[in-house]
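To be precise, the following lines are upload_5.txt, and they hold compact mmCIF, C-alpha atoms and all ligand atoms.
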```
# COMPACT_ATOMS: atom_id res chain seq x y z
CA MET A 1 0.00 0.00 0.00
CA THR A 2 1.44 3.33 -1.01
CA GLY A 3 -0.94 5.98 0.07
CA VAL A 4 0.47 9.24 1.37
CA VAL A 5 -0.44 10.65 4.77
CA LEU A 6 0.40 14.10 6.07
CA ASN A 7 0.02 14.73 9.81
CA ASN A 8 -0.04 18.31 11.00
CA VAL A 9 2.61 19.32 8.50
CA VAL A 10 4.14 22.76 8.98
CA LYS A 11 6.69 24.64 6.89
CA ARG A 12 8.58 27.76 7.86
CA PHE A 13 11.16 29.57 5.79
CA GLY A 14 13.03 31.40 8.57
CA ASP A 15 10.33 33.30 10.45
CA VAL A 16 7.78 33.06 7.68
CA GLN A 17 5.28 30.23 8.03
CA VAL A 18 3.88 29.16 4.65
CA ILE A 19 2.21 25.82 5.53
CA HIS A 20 -0.04 25.85 8.60
CA GLY A 21 -0.65 22.37 9.96
CA VAL A 22 -1.91 20.33 7.02
CA ASP A 23 -3.60 16.96 7.67
CA LEU A 24 -4.33 14.87 4.62
CA GLU A 25 -4.81 11.24 3.59
CA ILE A 26 -4.21 10.25 -0.01
CA GLU A 27 -5.20 6.69 -0.76
CA ASP A 28 -3.24 4.11 -2.71
CA GLY A 29 -3.76 4.65 -6.43
CA GLU A 30 -5.58 7.93 -5.97
CA PHE A 31 -5.11 10.93 -8.29
CA CYS A 32 -4.94 13.80 -5.82
CA VAL A 33 -4.78 17.39 -7.06
CA PHE A 34 -3.57 20.33 -4.94
CA VAL A 35 -5.23 23.43 -6.34
CA GLY A 36 -5.21 27.04 -5.24
CA PRO A 37 -4.05 30.48 -6.26
CA SER A 38 -0.40 31.28 -6.89
CA GLY A 39 1.63 31.47 -3.67
CA CYS A 40 -0.77 29.40 -1.53
CA GLY A 41 1.87 26.73 -0.84
CA LYS A 42 1.08 23.97 -3.37
CA SER A 43 4.65 23.51 -4.59
CA THR A 44 6.06 23.74 -1.09
CA LEU A 45 3.74 21.00 0.13
CA LEU A 46 4.56 18.78 -2.88
CA ARG A 47 8.29 19.36 -2.44
CA MET A 48 7.97 18.34 1.19
CA VAL A 49 6.44 15.03 0.08
CA ALA A 50 9.31 14.67 -2.41
CA GLY A 51 11.91 15.49 0.22
CA LEU A 52 13.16 18.52 -1.68
CA GLU A 53 12.10 20.77 1.23
CA GLU A 54 12.58 19.90 4.87
CA THR A 55 9.45 19.46 6.94
CA THR A 56 9.57 21.94 9.82
CA GLU A 57 6.97 20.12 11.93
CA GLY A 58 4.69 17.14 11.51
CA LYS A 59 5.04 13.76 9.81
CA ILE A 60 4.83 12.44 6.27
CA HIS A 61 4.19 8.75 5.58
CA ILE A 62 4.39 7.03 2.22
CA GLY A 63 2.84 3.59 2.50
CA ASP A 64 3.76 2.43 5.99
CA ARG A 65 7.11 4.22 6.01
CA ASP A 66 7.77 7.44 7.88
CA VAL A 67 9.67 9.39 5.21
CA THR A 68 9.73 12.73 7.04
CA ASP A 69 13.51 12.76 7.35
CA MET A 70 14.42 10.53 4.40
CA ASP A 71 16.42 11.56 1.36
CA PRO A 72 14.38 12.13 -1.82
CA SER A 73 16.04 9.09 -3.41
CA GLU A 74 14.79 6.78 -0.63
CA ARG A 75 11.17 7.84 -0.76
CA GLY A 76 10.04 5.94 -3.86
CA VAL A 77 8.75 9.08 -5.56
CA ALA A 78 9.47 10.65 -8.94
CA MET A 79 8.72 14.26 -9.73
CA VAL A 80 7.78 15.97 -13.01
CA PHE A 81 8.34 19.72 -13.13
CA GLN A 82 6.85 22.55 -15.17
CA THR A 83 10.25 23.17 -16.75
CA TYR A 84 11.04 19.81 -18.24
CA ALA A 85 14.65 19.83 -17.00
CA LEU A 86 15.92 17.52 -19.76
CA TYR A 87 19.61 17.16 -20.56
CA PRO A 88 20.08 18.95 -23.90
CA HIS A 89 23.06 16.85 -25.05
CA MET A 90 21.31 13.51 -24.47
CA THR A 91 18.81 11.76 -26.70
CA VAL A 92 15.26 11.06 -25.58
CA ALA A 93 16.21 7.47 -24.71
CA GLN A 94 19.30 8.58 -22.78
CA ASN A 95 17.32 11.22 -20.91
CA MET A 96 14.76 8.66 -19.84
CA GLY A 97 17.33 6.04 -18.82
CA PHE A 98 19.79 8.38 -17.11
CA GLY A 99 18.44 7.94 -13.58
CA LEU A 100 18.70 4.15 -13.80
CA LYS A 101 22.16 4.37 -15.32
CA MET A 102 23.32 6.54 -12.41
CA THR A 103 22.03 3.99 -9.93
CA GLY A 104 24.02 1.27 -11.67
CA HIS A 105 21.29 -0.68 -13.45
CA PRO A 106 22.48 -2.96 -16.30
CA LYS A 107 21.90 -1.83 -19.87
CA GLU A 108 19.30 -4.54 -20.64
CA VAL A 109 17.16 -3.44 -17.72
CA ILE A 110 17.41 0.22 -18.71
CA ASP A 111 16.55 -0.55 -22.35
CA GLU A 112 13.53 -2.57 -21.32
CA LYS A 113 12.18 0.10 -18.98
CA VAL A 114 12.78 2.89 -21.51
CA ALA A 115 10.98 0.82 -24.17
CA GLY A 116 8.07 0.30 -21.79
CA ALA A 117 7.74 4.00 -20.98
CA SER A 118 8.18 4.93 -24.62
CA ALA A 119 5.34 2.61 -25.61
CA ILE A 120 3.01 4.12 -23.00
CA LEU A 121 3.85 7.66 -24.09
CA LYS A 122 4.13 6.96 -27.84
CA LEU A 123 7.69 8.24 -27.95
CA ASP A 124 9.14 5.47 -30.16
CA PRO A 125 9.66 7.71 -33.22
CA TYR A 126 11.67 10.19 -31.17
CA LEU A 127 13.99 8.02 -29.08
CA ASP A 128 17.15 9.12 -30.91
CA ARG A 129 16.29 12.82 -31.03
CA ARG A 130 17.66 15.47 -28.73
CA PRO A 131 15.24 17.68 -26.75
CA LYS A 132 15.75 20.72 -28.96
CA ALA A 133 14.24 18.78 -31.88
CA LEU A 134 11.03 18.13 -29.93
CA SER A 135 7.86 20.17 -29.40
CA GLY A 136 6.92 21.33 -25.92
CA GLY A 137 4.39 18.55 -25.55
CA GLN A 138 6.91 15.92 -26.63
CA ARG A 139 9.47 17.27 -24.17
CA GLN A 140 6.94 17.08 -21.37
CA ARG A 141 6.21 13.47 -22.38
CA VAL A 142 9.92 12.68 -22.10
CA ALA A 143 9.98 14.24 -18.63
CA ILE A 144 7.03 12.04 -17.67
CA GLY A 145 8.76 9.05 -19.28
CA ARG A 146 11.79 9.66 -17.13
CA ALA A 147 9.55 9.44 -14.07
CA ILE A 148 7.84 6.23 -15.29
CA VAL A 149 11.19 4.53 -15.99
CA ARG A 150 12.12 4.89 -12.34
CA GLY A 151 9.06 2.88 -11.34
CA PRO A 152 8.07 5.09 -8.42
CA GLU A 153 5.33 4.26 -5.96
CA VAL A 154 4.13 7.85 -6.06
CA PHE A 155 4.26 10.32 -8.97
CA LEU A 156 4.51 14.01 -8.12
CA PHE A 157 3.63 16.61 -10.75
CA ASP A 158 4.20 20.34 -10.28
CA GLU A 159 2.19 22.30 -12.87
CA PRO A 160 3.50 20.05 -15.66
CA LEU A 161 1.30 21.59 -18.35
CA SER A 162 1.70 25.29 -17.57
CA ASN A 163 4.32 25.88 -20.27
CA LEU A 164 2.19 24.41 -23.04
CA ASP A 165 -0.24 26.26 -25.28
CA ALA A 166 -3.96 25.81 -24.65
CA GLU A 167 -4.55 23.08 -27.23
CA LEU A 168 -1.60 20.95 -26.16
CA ARG A 169 -2.55 21.40 -22.55
CA VAL A 170 -5.89 19.74 -23.19
CA GLU A 171 -4.21 16.94 -25.15
CA MET A 172 -1.62 16.28 -22.44
CA ARG A 173 -4.28 16.45 -19.75
CA VAL A 174 -6.08 13.57 -21.42
CA GLU A 175 -2.79 11.68 -21.75
CA ILE A 176 -2.01 12.11 -18.07
CA ALA A 177 -5.48 10.85 -17.17
CA ARG A 178 -4.90 7.82 -19.41
CA LEU A 179 -1.47 7.27 -17.89
CA HIS A 180 -2.98 7.18 -14.42
CA LYS A 181 -5.55 4.64 -15.55
CA GLU A 182 -2.87 2.48 -17.13
CA ILE A 183 -0.28 2.61 -14.35
CA GLY A 184 -2.65 2.93 -11.41
CA ALA A 185 0.03 4.49 -9.20
CA THR A 186 -0.69 7.13 -6.57
CA MET A 187 -0.31 10.57 -8.13
CA ILE A 188 -0.18 14.02 -6.57
CA TYR A 189 -0.63 16.83 -9.04
CA VAL A 190 -0.25 20.55 -8.37
CA THR A 191 -2.03 23.15 -10.47
CA HIS A 192 -3.57 26.62 -10.17
CA ASP A 193 -6.04 25.65 -12.90
CA GLN A 194 -9.42 24.55 -11.60
CA THR A 195 -10.28 22.88 -14.92
CA GLU A 196 -7.23 20.60 -14.64
CA ALA A 197 -8.19 19.86 -11.06
CA MET A 198 -11.80 19.05 -11.95
CA THR A 199 -10.93 16.83 -14.91
CA LEU A 200 -7.97 14.89 -13.49
CA ALA A 201 -8.65 14.42 -9.80
CA ASN A 202 -10.25 11.66 -7.79
CA LYS A 203 -9.62 13.96 -4.85
CA ILE A 204 -9.15 17.72 -4.90
CA VAL A 205 -7.42 19.56 -2.09
CA VAL A 206 -8.21 23.28 -2.23
CA LEU A 207 -5.47 25.31 -0.58
CA ARG A 208 -5.36 28.95 0.44
CA ASP A 209 -2.59 30.70 2.37
CA GLY A 210 -0.99 27.41 3.41
CA LYS A 211 -4.20 25.89 4.79
CA ILE A 212 -6.66 23.38 3.41
CA GLU A 213 -10.01 24.99 2.66
CA GLN A 214 -11.76 21.77 1.61
CA VAL A 215 -11.01 18.24 0.41
CA GLY A 216 -13.35 16.21 -1.76
CA LYS A 217 -14.30 14.65 -5.05
CA PRO A 218 -14.50 17.20 -7.87
CA MET A 219 -18.28 17.20 -8.22
CA ASP A 220 -18.78 17.20 -4.44
CA LEU A 221 -16.74 20.40 -4.17
CA TYR A 222 -18.66 21.89 -7.08
CA ARG A 223 -22.06 21.00 -5.63
CA ASP A 224 -21.35 21.40 -1.97
CA PRO A 225 -18.67 24.02 -1.21
CA ASP A 226 -17.98 24.67 2.49
CA ASN A 227 -17.18 28.34 2.02
CA LYS A 228 -17.15 31.23 -0.40
CA PHE A 229 -13.54 30.66 -1.42
CA VAL A 230 -14.18 27.10 -2.62
CA GLY A 231 -17.49 28.13 -4.20
CA GLY A 232 -15.70 30.83 -6.17
CA PHE A 233 -12.59 28.84 -7.03
CA ILE A 234 -14.23 25.68 -8.35
CA GLY A 235 -16.33 26.24 -11.46
CA SER A 236 -15.72 28.46 -14.45
CA PRO A 237 -16.72 31.23 -14.84
CA SER A 238 -16.83 31.78 -11.09
CA MET A 239 -19.92 31.62 -8.95
CA ASN A 240 -21.67 35.00 -8.66
CA PHE A 241 -21.80 36.46 -5.14
CA VAL A 242 -24.48 39.00 -4.40
CA ASP A 243 -24.97 40.97 -1.15
CA ALA A 244 -28.08 40.29 0.85
CA THR A 245 -29.57 40.78 4.30
CA VAL A 246 -31.93 38.73 6.40
CA SER A 247 -35.35 40.15 7.16
CA ALA A 248 -38.30 38.29 8.68
CA GLY A 249 -36.56 34.97 8.03
CA LYS A 250 -36.11 35.72 4.34
CA VAL A 251 -33.00 36.54 2.38
CA VAL A 252 -33.42 39.89 0.68
CA SER A 253 -31.10 40.50 -2.22
CA PRO A 254 -31.67 43.71 -4.19
CA GLY A 255 -28.88 42.66 -6.55
CA LEU A 256 -30.85 39.59 -7.56
CA GLY A 257 -34.06 41.62 -7.59
CA LYS A 258 -35.66 39.16 -5.21
CA GLU A 259 -36.67 38.00 -1.79
CA LEU A 260 -35.57 34.40 -1.47
CA GLU A 261 -36.92 31.60 0.63
CA LEU A 262 -33.88 29.39 0.88
CA PRO A 263 -34.12 25.89 2.36
CA VAL A 264 -31.32 26.58 4.85
CA ASN A 265 -30.99 27.69 8.46
CA VAL A 266 -31.47 31.37 7.72
CA PRO A 267 -29.68 33.43 10.39
CA GLU A 268 -31.19 36.13 12.59
CA ASP A 269 -32.67 39.29 11.10
CA GLY A 270 -30.21 41.99 10.16
CA ARG A 271 -27.38 39.56 9.46
CA LYS A 272 -25.29 40.37 6.38
CA VAL A 273 -25.03 37.43 4.02
CA GLN A 274 -24.12 36.73 0.43
CA VAL A 275 -26.05 34.67 -2.04
CA GLY A 276 -24.01 32.53 -4.41
CA VAL A 277 -25.33 31.31 -7.73
CA ARG A 278 -23.40 29.92 -10.67
CA PRO A 279 -23.55 31.44 -14.17
CA GLU A 280 -24.80 28.11 -15.56
CA HIS A 281 -27.75 28.06 -13.18
CA LEU A 282 -29.05 31.52 -13.99
CA GLU A 283 -31.55 32.21 -16.72
CA MET A 284 -32.48 35.54 -18.23
CA ASN A 285 -36.11 36.35 -18.57
CA PRO A 286 -36.71 38.91 -21.34
CA SER A 287 -39.92 40.20 -19.79
CA GLY A 288 -38.17 41.23 -16.57
CA ASP A 289 -36.45 44.57 -16.02
CA THR A 290 -34.19 44.20 -12.97
CA HIS A 291 -30.92 43.78 -14.87
CA THR A 292 -29.20 45.33 -17.86
CA VAL A 293 -27.02 43.33 -20.21
CA GLU A 294 -23.78 45.31 -20.50
CA LEU A 295 -21.79 42.94 -22.65
CA THR A 296 -21.99 39.49 -24.16
CA GLU A 297 -19.22 37.10 -25.14
CA ALA A 298 -20.20 34.45 -27.67
CA LEU A 299 -17.77 31.52 -27.60
CA GLY A 300 -19.77 29.35 -29.98
CA GLY A 301 -21.48 26.61 -28.02
CA VAL A 302 -21.88 28.91 -25.07
CA SER A 303 -22.20 32.66 -24.43
CA PHE A 304 -21.59 34.71 -21.33
CA ALA A 305 -23.75 37.71 -20.58
CA TYR A 306 -22.40 40.33 -18.18
CA LEU A 307 -25.28 41.98 -16.34
CA THR A 308 -25.60 44.88 -13.95
CA SER A 309 -28.39 44.99 -11.41
CA GLU A 310 -30.33 48.14 -10.53
CA THR A 311 -28.15 48.27 -7.43
CA GLY A 312 -24.96 48.17 -9.49
CA GLU A 313 -23.91 44.60 -8.78
CA ARG A 314 -22.33 42.57 -11.56
CA ILE A 315 -23.61 39.14 -12.48
CA VAL A 316 -22.47 36.68 -15.15
CA VAL A 317 -24.99 34.42 -16.86
CA GLU A 318 -24.22 31.48 -19.13
CA GLU A 319 -26.41 31.05 -22.16
CA ARG A 320 -26.65 28.08 -24.52
CA GLY A 321 -28.90 27.28 -27.43
CA ASP A 322 -29.58 29.21 -30.61
CA TYR A 323 -31.06 32.36 -29.15
CA ARG A 324 -28.56 34.64 -27.40
CA THR A 325 -29.33 37.81 -25.48
CA GLU A 326 -27.75 40.98 -26.81
CA ALA A 327 -26.05 43.88 -25.07
CA GLY A 328 -28.44 46.66 -24.11
CA ALA A 329 -31.33 44.34 -23.27
CA THR A 330 -33.11 44.57 -19.93
CA VAL A 331 -33.97 41.25 -18.32
CA GLY A 332 -35.07 39.56 -15.14
CA LEU A 333 -33.31 36.58 -13.56
CA THR A 334 -34.61 33.18 -12.63
CA PHE A 335 -32.68 30.42 -10.90
CA PRO A 336 -33.38 27.16 -9.09
CA ILE A 337 -33.50 27.64 -5.35
CA ASP A 338 -31.80 24.28 -4.70
CA LYS A 339 -28.72 25.49 -6.59
CA THR A 340 -28.51 28.75 -4.69
CA TYR A 341 -26.01 29.02 -1.84
CA LEU A 342 -25.89 31.22 1.20
CA PHE A 343 -22.68 32.45 2.84
CA ASP A 344 -22.03 34.51 5.94
CA ALA A 345 -20.64 37.85 4.71
CA GLN A 346 -18.19 38.05 7.64
CA THR A 347 -16.82 34.52 8.02
CA GLU A 348 -17.48 33.54 4.38
CA LEU A 349 -18.65 30.14 5.68
CA ARG A 350 -21.53 28.40 3.98
CA ILE A 351 -24.87 28.59 5.76
CA ARG A 352 -26.63 25.29 5.26
P1 LIG B 401 2.50 27.90 -5.05
O1 LIG B 401 3.23 26.71 -5.59
O2 LIG B 401 1.15 27.57 -4.49
O3 LIG B 401 2.41 29.02 -6.03
P2 LIG B 401 4.74 28.06 -3.23
O4 LIG B 401 4.64 26.78 -2.48
O5 LIG B 401 5.77 28.15 -4.30
O6 LIG B 401 3.30 28.47 -3.80
O7 LIG B 401 5.00 29.23 -2.20
C1 LIG B 401 4.25 29.40 -1.03
C2 LIG B 401 4.82 30.58 -0.24
O8 LIG B 401 6.09 30.25 0.23
C3 LIG B 401 4.98 31.84 -1.07
O9 LIG B 401 4.60 32.94 -0.30
C4 LIG B 401 6.44 31.85 -1.39
O10 LIG B 401 6.91 33.17 -1.56
C5 LIG B 401 7.06 31.21 -0.16
N1 LIG B 401 8.31 30.51 -0.48
C6 LIG B 401 8.48 29.48 -1.31
N2 LIG B 401 9.76 29.05 -1.33
C7 LIG B 401 10.43 29.85 -0.46
C8 LIG B 401 11.81 29.95 -0.02
N3 LIG B 401 12.73 29.09 -0.47
N4 LIG B 401 12.09 30.90 0.88
C9 LIG B 401 11.16 31.75 1.35
N5 LIG B 401 9.87 31.71 0.98
C10 LIG B 401 9.50 30.79 0.09
MG MG B 402 4.09 26.42 -7.48
```

Structure rendered as structure tokens:
Amino acid sequence: MTGVVLNNVVKRFGDVQVIHGVDLEIEDGEFCVFVGPSGCGKSTLLRMVAGLEETTEGKIHIGDRDVTDMDPSERGVAMVFQTYALYPHMTVAQNMGFGLKMTGHPKEVIDEKVAGASAILKLDPYLDRRPKALSGGQRQRVAIGRAIVRGPEVFLFDEPLSNLDAELRVEMRVEIARLHKEIGATMIYVTHDQTEAMTLANKIVVLRDGKIEQVGKPMDLYRDPDNKFVGGFIGSPSMNFVDATVSAGKVVSPGLGKELELPVNVPEDGRKVQVGVRPEHLEMNPSGDTHTVELTEALGGVSFAYLTSETGERIVVEERGDYRTEAGATVGLTFPIDKTYLFDAQTELRIR
């Protein structure tokens, strides 16, 4: 069993604490994604698992081994970085086999493992090329191949697709998902991109300022966020948040042009709250007049309408189908009450 367990893990650089007591269990064979905005501590946490950063406090287990103070080479992990870090003077095959060569493996073993990784990643036509004669996507495949060849128990990826253009990113994302299916190893994957997190993960860990905000399956986080940060971070475009107050047990939101009866424990009168509703759950009603369409973006299969309420709040609505609202129109809004969230304006915690 090669799950990964973090117990109250803390990281300080000098006086500056960047990881604040993280507890996490990643199961054997799981694809776990750390996601969060730039600077929230994703790479630091991953590098602590890899052994590239010392763990200031707490424990890290891989399988049943306490690896907290082990060298990276003893941990049974292999890491793939955003910058591919290939040796320019070596061929693809040599790059992939180099780690094994350094640890004294015989040539036949190295050749066999390189051939295996090459088959998985479809690198056979390129084995004799040097990195400079490869595209970005091919280079990233070689970097992944180098990790596979080492036969790690746990794969660690730090934003491996961030240097690729949008089209290749999607292609490589699918390849990484396929790779995980084929190899079945535990993988930890760091990204700031919520789409990558949603599409790749069995388990998403949302981080902010060195703390875990929420852990869960992608669709559970999407449907059931614990707080405003997770609600806003997961889903694209972001959830709309609109100011509201509580009066006579009802949520009054001028920005939504409505009094809402939400099936939650509505707090006491006078409390400041925010209503959250996703662009894909809003519908524009052309006979209403509470909102003005300022701008529309037609992407083809989907359009986004940017509305302003009478109270000046901005709201994004997703529109599909053949008819698309145009800028300048005045509309009302309708939305399903069971897909409408309530958050405390102060604590930003979900009110359920
Ligand atoms: P992410 O990968 O989520 O963008 P990082 O883990 O790289 O974030 O960084 C988290 C925080 O730790 C940042 O505030 C960063 O400036 C700080 N940090 C990272 N490495 C060091 C270091 N070697 N010394 C001091 N601070 C660091
Ligand atoms: Mg990083």

Fewer than 5 positions away in the same chain doesn't count, so skip those; otherwise give me all residues within 8 Å of Met187 in chain A, counting all atoms listed in the file, as a PDB file with C-alpha atoms, keeping the file's coordinate frame.
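Result file out13.pdb:
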```pdb
ATOM      1  CA  GLY A  29      -3.760   4.650  -6.430  1.00  0.00           C
ATOM      2  CA  GLU A  30      -5.580   7.930  -5.970  1.00  0.00           C
ATOM      3  CA  PHE A  31      -5.110  10.930  -8.290  1.00  0.00           C
ATOM      4  CA  CYS A  32      -4.940  13.800  -5.820  1.00  0.00           C
ATOM      5  CA  VAL A 154       4.130   7.850  -6.060  1.00  0.00           C
ATOM      6  CA  PHE A 155       4.260  10.320  -8.970  1.00  0.00           C
ATOM      7  CA  LEU A 156       4.510  14.010  -8.120  1.00  0.00           C
ATOM      8  CA  PHE A 157       3.630  16.610 -10.750  1.00  0.00           C
ATOM      9  CA  HIS A 180      -2.980   7.180 -14.420  1.00  0.00           C
TER      10      HIS A 180
END
```

Collect all residues with atoms no farther than 10 Å from ligand LIG 401 (chain B), counting all atoms listed in the file, and output them as a PDB file with C-alpha atoms, keeping the file's coordinate frame.
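Done, and the output landed in out.pdb:
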```
ATOM      1  CA  LYS A  11       6.690  24.640   6.890  1.00  0.00           C
ATOM      2  CA  ARG A  12       8.580  27.760   7.860  1.00  0.00           C
ATOM      3  CA  PHE A  13      11.160  29.570   5.790  1.00  0.00           C
ATOM      4  CA  GLY A  14      13.030  31.400   8.570  1.00  0.00           C
ATOM      5  CA  ASP A  15      10.330  33.300  10.450  1.00  0.00           C
ATOM      6  CA  VAL A  16       7.780  33.060   7.680  1.00  0.00           C
ATOM      7  CA  GLN A  17       5.280  30.230   8.030  1.00  0.00           C
ATOM      8  CA  VAL A  18       3.880  29.160   4.650  1.00  0.00           C
ATOM      9  CA  ILE A  19       2.210  25.820   5.530  1.00  0.00           C
ATOM     10  CA  PHE A  34      -3.570  20.330  -4.940  1.00  0.00           C
ATOM     11  CA  VAL A  35      -5.230  23.430  -6.340  1.00  0.00           C
ATOM     12  CA  GLY A  36      -5.210  27.040  -5.240  1.00  0.00           C
ATOM     13  CA  PRO A  37      -4.050  30.480  -6.260  1.00  0.00           C
ATOM     14  CA  SER A  38      -0.400  31.280  -6.890  1.00  0.00           C
ATOM     15  CA  GLY A  39       1.630  31.470  -3.670  1.00  0.00           C
ATOM     16  CA  CYS A  40      -0.770  29.400  -1.530  1.00  0.00           C
ATOM     17  CA  GLY A  41       1.870  26.730  -0.840  1.00  0.00           C
ATOM     18  CA  LYS A  42       1.080  23.970  -3.370  1.00  0.00           C
ATOM     19  CA  SER A  43       4.650  23.510  -4.590  1.00  0.00           C
ATOM     20  CA  THR A  44       6.060  23.740  -1.090  1.00  0.00           C
ATOM     21  CA  LEU A  45       3.740  21.000   0.130  1.00  0.00           C
ATOM     22  CA  LEU A  46       4.560  18.780  -2.880  1.00  0.00           C
ATOM     23  CA  ARG A  47       8.290  19.360  -2.440  1.00  0.00           C
ATOM     24  CA  MET A  48       7.970  18.340   1.190  1.00  0.00           C
ATOM     25  CA  GLU A  53      12.100  20.770   1.230  1.00  0.00           C
ATOM     26  CA  ASP A 158       4.200  20.340 -10.280  1.00  0.00           C
ATOM     27  CA  GLU A 159       2.190  22.300 -12.870  1.00  0.00           C
ATOM     28  CA  VAL A 190      -0.250  20.550  -8.370  1.00  0.00           C
ATOM     29  CA  THR A 191      -2.030  23.150 -10.470  1.00  0.00           C
ATOM     30  CA  HIS A 192      -3.570  26.620 -10.170  1.00  0.00           C
ATOM     31  CA  LEU A 207      -5.470  25.310  -0.580  1.00  0.00           C
ATOM     32  CA  ARG A 208      -5.360  28.950   0.440  1.00  0.00           C
ATOM     33  CA  ASP A 209      -2.590  30.700   2.370  1.00  0.00           C
ATOM     34  CA  GLY A 210      -0.990  27.410   3.410  1.00  0.00           C
TER      35      GLY A 210
END
```

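Picture a line from CA of Met284 in chain A to CA of Ile234 in chain A; it runs 23.0 Å.
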
Computed gap from CA of Arg169 in chain A to CA of Asp193 in chain A is 11.1 Å

Correct to one decimal, the distance CA of Met79 in chain A-CA of Ala50 in chain A is 7.4 Å

From the list A:Glu280, A:Glu297, A:Glu319, A:Asp71, the nearest residue to Phe335 in chain A using all atoms listed in the file is A:Glu280

message = So that I can check the surroundings of Thr292 in chain A, please list as JSON, numbers by chain every protein, DNA and RNA residue that reaches within 7 Å of it, counting all atoms listed in the file and ignoring chain neighbours fewer than 3 positions away.
response = {"A": [307, 308, 309, 328, 329, 330, 331]}

Residue with the minimum atom-to-atom distance to Val275 in chain A, picked from A:Gly145, A:Gly332, A:Gly232, A:Gly184 with only C-alpha atoms counted, is A:Gly232

Can you give me N, CA, C and O atoms for range 334-346 of chain A, written as a compact mmCIF listing (two decimals), in the frame of the given file?
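rebuild-v1.txt written:
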```txt
# COMPACT_ATOMS: atom_id res chain seq x y z
N THR A 334 -34.01 34.30 -13.35
CA THR A 334 -34.61 33.18 -12.63
C THR A 334 -33.51 32.15 -12.35
O THR A 334 -32.55 32.05 -13.12
N PHE A 335 -33.67 31.44 -11.25
CA PHE A 335 -32.68 30.42 -10.90
C PHE A 335 -33.29 29.44 -9.92
O PHE A 335 -34.17 29.79 -9.14
N PRO A 336 -32.82 28.20 -9.98
CA PRO A 336 -33.38 27.16 -9.09
C PRO A 336 -32.91 27.37 -7.66
O PRO A 336 -31.72 27.54 -7.42
N ILE A 337 -33.81 27.33 -6.74
CA ILE A 337 -33.50 27.64 -5.35
C ILE A 337 -32.58 26.57 -4.73
O ILE A 337 -31.77 26.86 -3.86
N ASP A 338 -32.65 25.34 -5.26
CA ASP A 338 -31.80 24.28 -4.70
C ASP A 338 -30.36 24.36 -5.22
O ASP A 338 -29.51 23.60 -4.80
N LYS A 339 -30.09 25.29 -6.14
CA LYS A 339 -28.72 25.49 -6.59
C LYS A 339 -28.24 26.89 -6.21
O LYS A 339 -27.38 27.47 -6.86
N THR A 340 -28.86 27.42 -5.17
CA THR A 340 -28.51 28.75 -4.69
C THR A 340 -27.90 28.60 -3.30
O THR A 340 -28.45 27.89 -2.46
N TYR A 341 -26.76 29.21 -3.09
CA TYR A 341 -26.01 29.02 -1.84
C TYR A 341 -26.08 30.28 -1.00
O TYR A 341 -26.24 31.38 -1.52
N LEU A 342 -25.92 30.08 0.30
CA LEU A 342 -25.89 31.22 1.20
C LEU A 342 -24.59 31.18 2.01
O LEU A 342 -24.19 30.13 2.51
N PHE A 343 -23.94 32.35 2.10
CA PHE A 343 -22.68 32.45 2.84
C PHE A 343 -22.79 33.59 3.84
O PHE A 343 -23.44 34.61 3.57
N ASP A 344 -22.13 33.42 4.98
CA ASP A 344 -22.03 34.51 5.94
C ASP A 344 -21.06 35.55 5.37
O ASP A 344 -19.95 35.20 4.96
N ALA A 345 -21.48 36.82 5.34
CA ALA A 345 -20.64 37.85 4.71
C ALA A 345 -19.34 38.05 5.49
O ALA A 345 -18.31 38.40 4.91
N GLN A 346 -19.38 37.82 6.81
CA GLN A 346 -18.19 38.05 7.64
C GLN A 346 -17.22 36.87 7.56
O GLN A 346 -16.08 37.01 7.16
```
